[in-house]
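Structure first, commentary second.
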Amino acid sequence: MQTCQYQISQGRNGDITLYLQGNMDATNAASLIQELGREVKGKKPSSLTVDLKEVHYLDDFGALVLVELKRLVGGEDRFVLKNESDRIKEILFILNFSKLGERVTFVKKQAPGSLVRLGEATLRHAADLKYAISFMGSVLLALIHVCLHPRTLRKDDTLLYMQRTGVDALPIVGLISFLLGLIMAFMSSVQLEQFGANIYVASLVSLAMARELGPIMTAIIVAGRSGSAFAAEIATMKISEEVDALFTMGFDPTRFLVVPKMIASVVMVPLLTLFSDVFAIAGGLVVGISMLDLTASAYMAQTIKTLTLFDVFLGLFKSAVFALLISWIGCLRGFQVRGGAASVGQATTSAVVSSIFLIILSDSVFSVIIRYWG
Amino acid sequence: MNKHNAMETQGIIRVRDLIGGYGDSVIINRVSFDVYEGEIFVILGGSGCGKSTLLKHLIGLIPPMSGKVLIDGDDISNCDEALFQEVLHKIGVLYQSAALFGSMTLAENIALPIQDYTDLPREAVDTLVKMKLNLVDLEGYENHLPSEISGGMKKRAGLARAMALNPKILFFDEPSAGLDPVTSAGLDNLIIHLNRSLGTTMVIVTHELESIFAVAHRVIMLDKKTKGIIAEGDPRYLRDHSQNAFVRQFFNREGDNHLTVSGKDRA
């Protein structure tokens, strides 16, 4: 590596000449700026002449050193270049050297005032809401179309999503529900044991799971696993223009992409919920037998006595509604994406957060309705 | 045959008996060639002949199955992480889609390597970024996001980022893909200009004939069937004097049918 050396000679009128020698490139630019800057600043010259006769190689890092020197002495009028070779001249010309020297700062676009931002956010949310409603309409139309013409349903896709949403989720849903049943039985037994009401642990676990926790836990797991996947898949297709390609090929993107996911979710999530109920009851049973001195038959008899068909079907119906919401919001967030890679991440996050919010919201609506009708 | 051969015996890139591909499938079989300092070297061939795979081996994205790739004397096919990092500072890559980071402005994209790998003060970095953008004719676009500029501008910004640290070698993956002829010719001129003024070695993967004739000092042509090099040298010479009919066909842009007809004619 060749280094760059320099010599400084001072004239009478306060002007100085700087003789540079060697290579000026990326390897030595930072140190040259520092050293020469200190030297020149200390001498406070009225003008600076830089002699490049002995400089064999200069790239844009080298030019940067010259720009910094020019800026230091106070601009174009006080700065002269001498004896530069044709090659260096060409480089300085391409770099637009004569115009460089003023302090460069990249001012980012100013953030607008809070009122403007509030207005923008309102307009954006209104537009989002409008899009969400129109998307709901197009999903509804696509579903009706598929009901009237069942042959247009993409069966292979639907089966694939059934596997991904349902079958592949079964181990984790089973495990979590089993542990949930275990925890509920354990926690409630601490209280109920004091009253000798051990047997009601079975009632508590089965009823809570079938009516509320089974559907909710399953829906949250599905939102995390599949809702996010739906959003990411459609968002990626959208930014790589695959959705546009579908449209111009004459396919309705909603019918092509959303309907299979929606049907798969609505079929599989209630089934997952049923498994969730069973696994949770099994979890409670383990605690009942091992810690509460209950027999398996007594525990099961109490479970059957407590649960009505209405409880189970209510849970399954709720989970079907949750599935509809998860797949709808997942696909919506995917279609809403604009821009690049970062927005795919945002769409995915938003899909999961919105799904969980909608699950809890719709569950509370269900609670109120059921309370009202008894 | 080549002026560089006489001047230098060893290339800045040396490839020896390279066998490469993905997984178990061999796409390039026993390829050896040199790229000399300061030249514009083009790797070309028909679709699916392994041009892009070869490029990925040259820049160390995928390790070769066997053989050696030496960049500036360092074997990147078999070296430790520290040396590999050092080699990476000597190369810059312009990807086919420019691969600018979508969440950063053009200035931030270019400043990223400069800030991390040099000790330049903050204002100097900004000036340098401005110079880099001048170099690729993108003055005034410092604060634009990649999504706000055209395809040709993205390519040029990608080039500015690839050159951020003035690497010794620049690699281009299909630089003219997706560009109109005017923009594409402008990019070719830029490549020639940079090669001449900064002396950067350029390795270009392409199959755009106009571009090849405009910029290339030397080419190698890969073939799908033999999985190796079927021609090497000056593209203008190969067009007229190659022994291989397919090579002449490629450089003269003749379709397959034409070849069989003219072949019969000759017979």
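Each chain in the structure tokens gets a letter, A, B and so on, in the order shown; residues start at 1 in every chain, and ligands are counted from 1 in the order they appear.
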Distance limit 6 Å, atoms considered: only C-alpha atoms. Which chain B residues sit that close to chain A? Return them as a CSV table (one decimal) with C-alpha atoms, in the first residue's frame.
chain,number,residue,atom,x,y,z
B,102,GLY,CA,-36.3,-0.1,0.7
B,119,ASP,CA,-13.2,6.8,10.1
B,120,LEU,CA,-14.4,9.7,8.1
B,127,THR,CA,-19.9,15.1,0.9
B,131,MET,CA,-19.9,12.7,-4.9
B,134,ASN,CA,-22.7,12.8,-8.9
B,135,LEU,CA,-20.6,9.9,-10.3
Write out as an mmCIF file with N, CA and C atoms, in the first residue's frame all residues of segment 41-138 of chain A that DSSP puts in strand (DSSP E) for this structure's backbone.
data_model
loop_
_atom_site.group_PDB
_atom_site.id
_atom_site.type_symbol
_atom_site.label_atom_id
_atom_site.label_comp_id
_atom_site.auth_asym_id
_atom_site.auth_seq_id
_atom_site.Cartn_x
_atom_site.Cartn_y
_atom_site.Cartn_z
ATOM 1 N N SER A 47 -4.801 32.035 1.377
ATOM 2 C CA SER A 47 -5.228 31.156 0.291
ATOM 3 C C SER A 47 -4.379 29.887 0.309
ATOM 4 N N LEU A 48 -4.884 28.855 -0.343
ATOM 5 C CA LEU A 48 -4.206 27.560 -0.315
ATOM 6 C C LEU A 48 -4.032 27.052 -1.740
ATOM 7 N N THR A 49 -2.793 26.708 -2.069
ATOM 8 C CA THR A 49 -2.534 26.099 -3.375
ATOM 9 C C THR A 49 -2.129 24.650 -3.135
ATOM 10 N N VAL A 50 -2.779 23.730 -3.826
ATOM 11 C CA VAL A 50 -2.440 22.316 -3.654
ATOM 12 C C VAL A 50 -1.775 21.832 -4.932
ATOM 13 N N ASP A 51 -0.563 21.336 -4.782
ATOM 14 C CA ASP A 51 0.201 20.848 -5.927
ATOM 15 C C ASP A 51 0.057 19.332 -6.010
ATOM 16 N N LEU A 52 -0.533 18.843 -7.121
ATOM 17 C CA LEU A 52 -0.797 17.403 -7.243
ATOM 18 C C LEU A 52 0.168 16.723 -8.215
ATOM 19 N N LYS A 53 1.304 17.363 -8.457
ATOM 20 C CA LYS A 53 2.230 16.838 -9.463
ATOM 21 C C LYS A 53 2.667 15.408 -9.147
ATOM 22 N N GLU A 54 2.914 15.152 -7.881
ATOM 23 C CA GLU A 54 3.458 13.848 -7.503
ATOM 24 C C GLU A 54 2.373 12.853 -7.081
ATOM 25 N N VAL A 55 1.120 13.215 -7.261
ATOM 26 C CA VAL A 55 0.040 12.278 -6.900
ATOM 27 C C VAL A 55 -0.230 11.376 -8.092
ATOM 28 N N HIS A 56 -0.010 10.065 -7.883
ATOM 29 C CA HIS A 56 -0.160 9.134 -9.003
ATOM 30 C C HIS A 56 -1.597 8.660 -9.149
ATOM 31 N N TYR A 57 -2.280 8.554 -8.026
ATOM 32 C CA TYR A 57 -3.629 8.006 -8.082
ATOM 33 C C TYR A 57 -4.517 8.788 -7.128
ATOM 34 N N LEU A 58 -5.695 9.118 -7.608
ATOM 35 C CA LEU A 58 -6.641 9.838 -6.759
ATOM 36 C C LEU A 58 -8.039 9.358 -7.124
ATOM 37 N N PHE A 79 -8.811 28.802 -3.020
ATOM 38 C CA PHE A 79 -8.301 27.456 -3.188
ATOM 39 C C PHE A 79 -7.889 27.239 -4.635
ATOM 40 N N VAL A 80 -6.621 26.824 -4.836
ATOM 41 C CA VAL A 80 -6.137 26.613 -6.206
ATOM 42 C C VAL A 80 -5.537 25.215 -6.322
ATOM 43 N N LEU A 81 -5.869 24.512 -7.409
ATOM 44 C CA LEU A 81 -5.247 23.216 -7.681
ATOM 45 C C LEU A 81 -4.189 23.419 -8.756
ATOM 46 N N LYS A 82 -3.050 22.716 -8.621
ATOM 47 C CA LYS A 82 -1.963 22.926 -9.565
ATOM 48 C C LYS A 82 -1.402 21.584 -10.027
#
Subject >> Who sits within 7 Å of Ile13 of chain B, only C-alpha atoms, same chain under 2 positions skipped, as number ranges by chain >> reply: B: 11, 15, 34-36, 70-72
Can those selected residues be exported to a file as a tab-separated table (two decimals), in the first residue's frame so that it contains C-alpha atoms?
chain	number	residue	atom	x	y	z
B	11	GLY	CA	-5.00	-12.45	-12.61
B	15	VAL	CA	-10.48	-19.64	-10.90
B	34	ASP	CA	-8.27	-15.57	-15.01
B	35	VAL	CA	-9.52	-12.01	-14.81
B	36	TYR	CA	-6.75	-9.41	-15.06
B	70	LEU	CA	-8.71	-16.69	-5.62
B	71	ILE	CA	-9.52	-13.02	-5.31
B	72	ASP	CA	-6.45	-10.76	-5.18
Subject >> Top pick for closest residue to Leu88 of chain B, considering B:Lys168, B:Lys155, B:Arg122, B:Arg30 and counting only C-alpha atoms >> reply: B:Lys168
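In this model, the gap between atom CA of Gln10 of chain A and atom CA of Glu76 of chain A comes to 19.5 Å.
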Original post:
Quick one: residues within 9 Å of Ile230 of chain B, only C-alpha atoms counted, chain neighbours fewer than 4 positions away excluded, as a PyMOL selection string?
Top reply: chain B and resi 220-223+226+244+247
**OP:** Please run DSSP on the backbone and report, as a ChimeraX atom specification, all residues within segment 157-365 of chain A that come out as alpha helix (DSSP H).
**Re:** /A:157-165,170-192,200-208,214-222,228-239,242-248,253,259-291,296-306,309-335,341-365
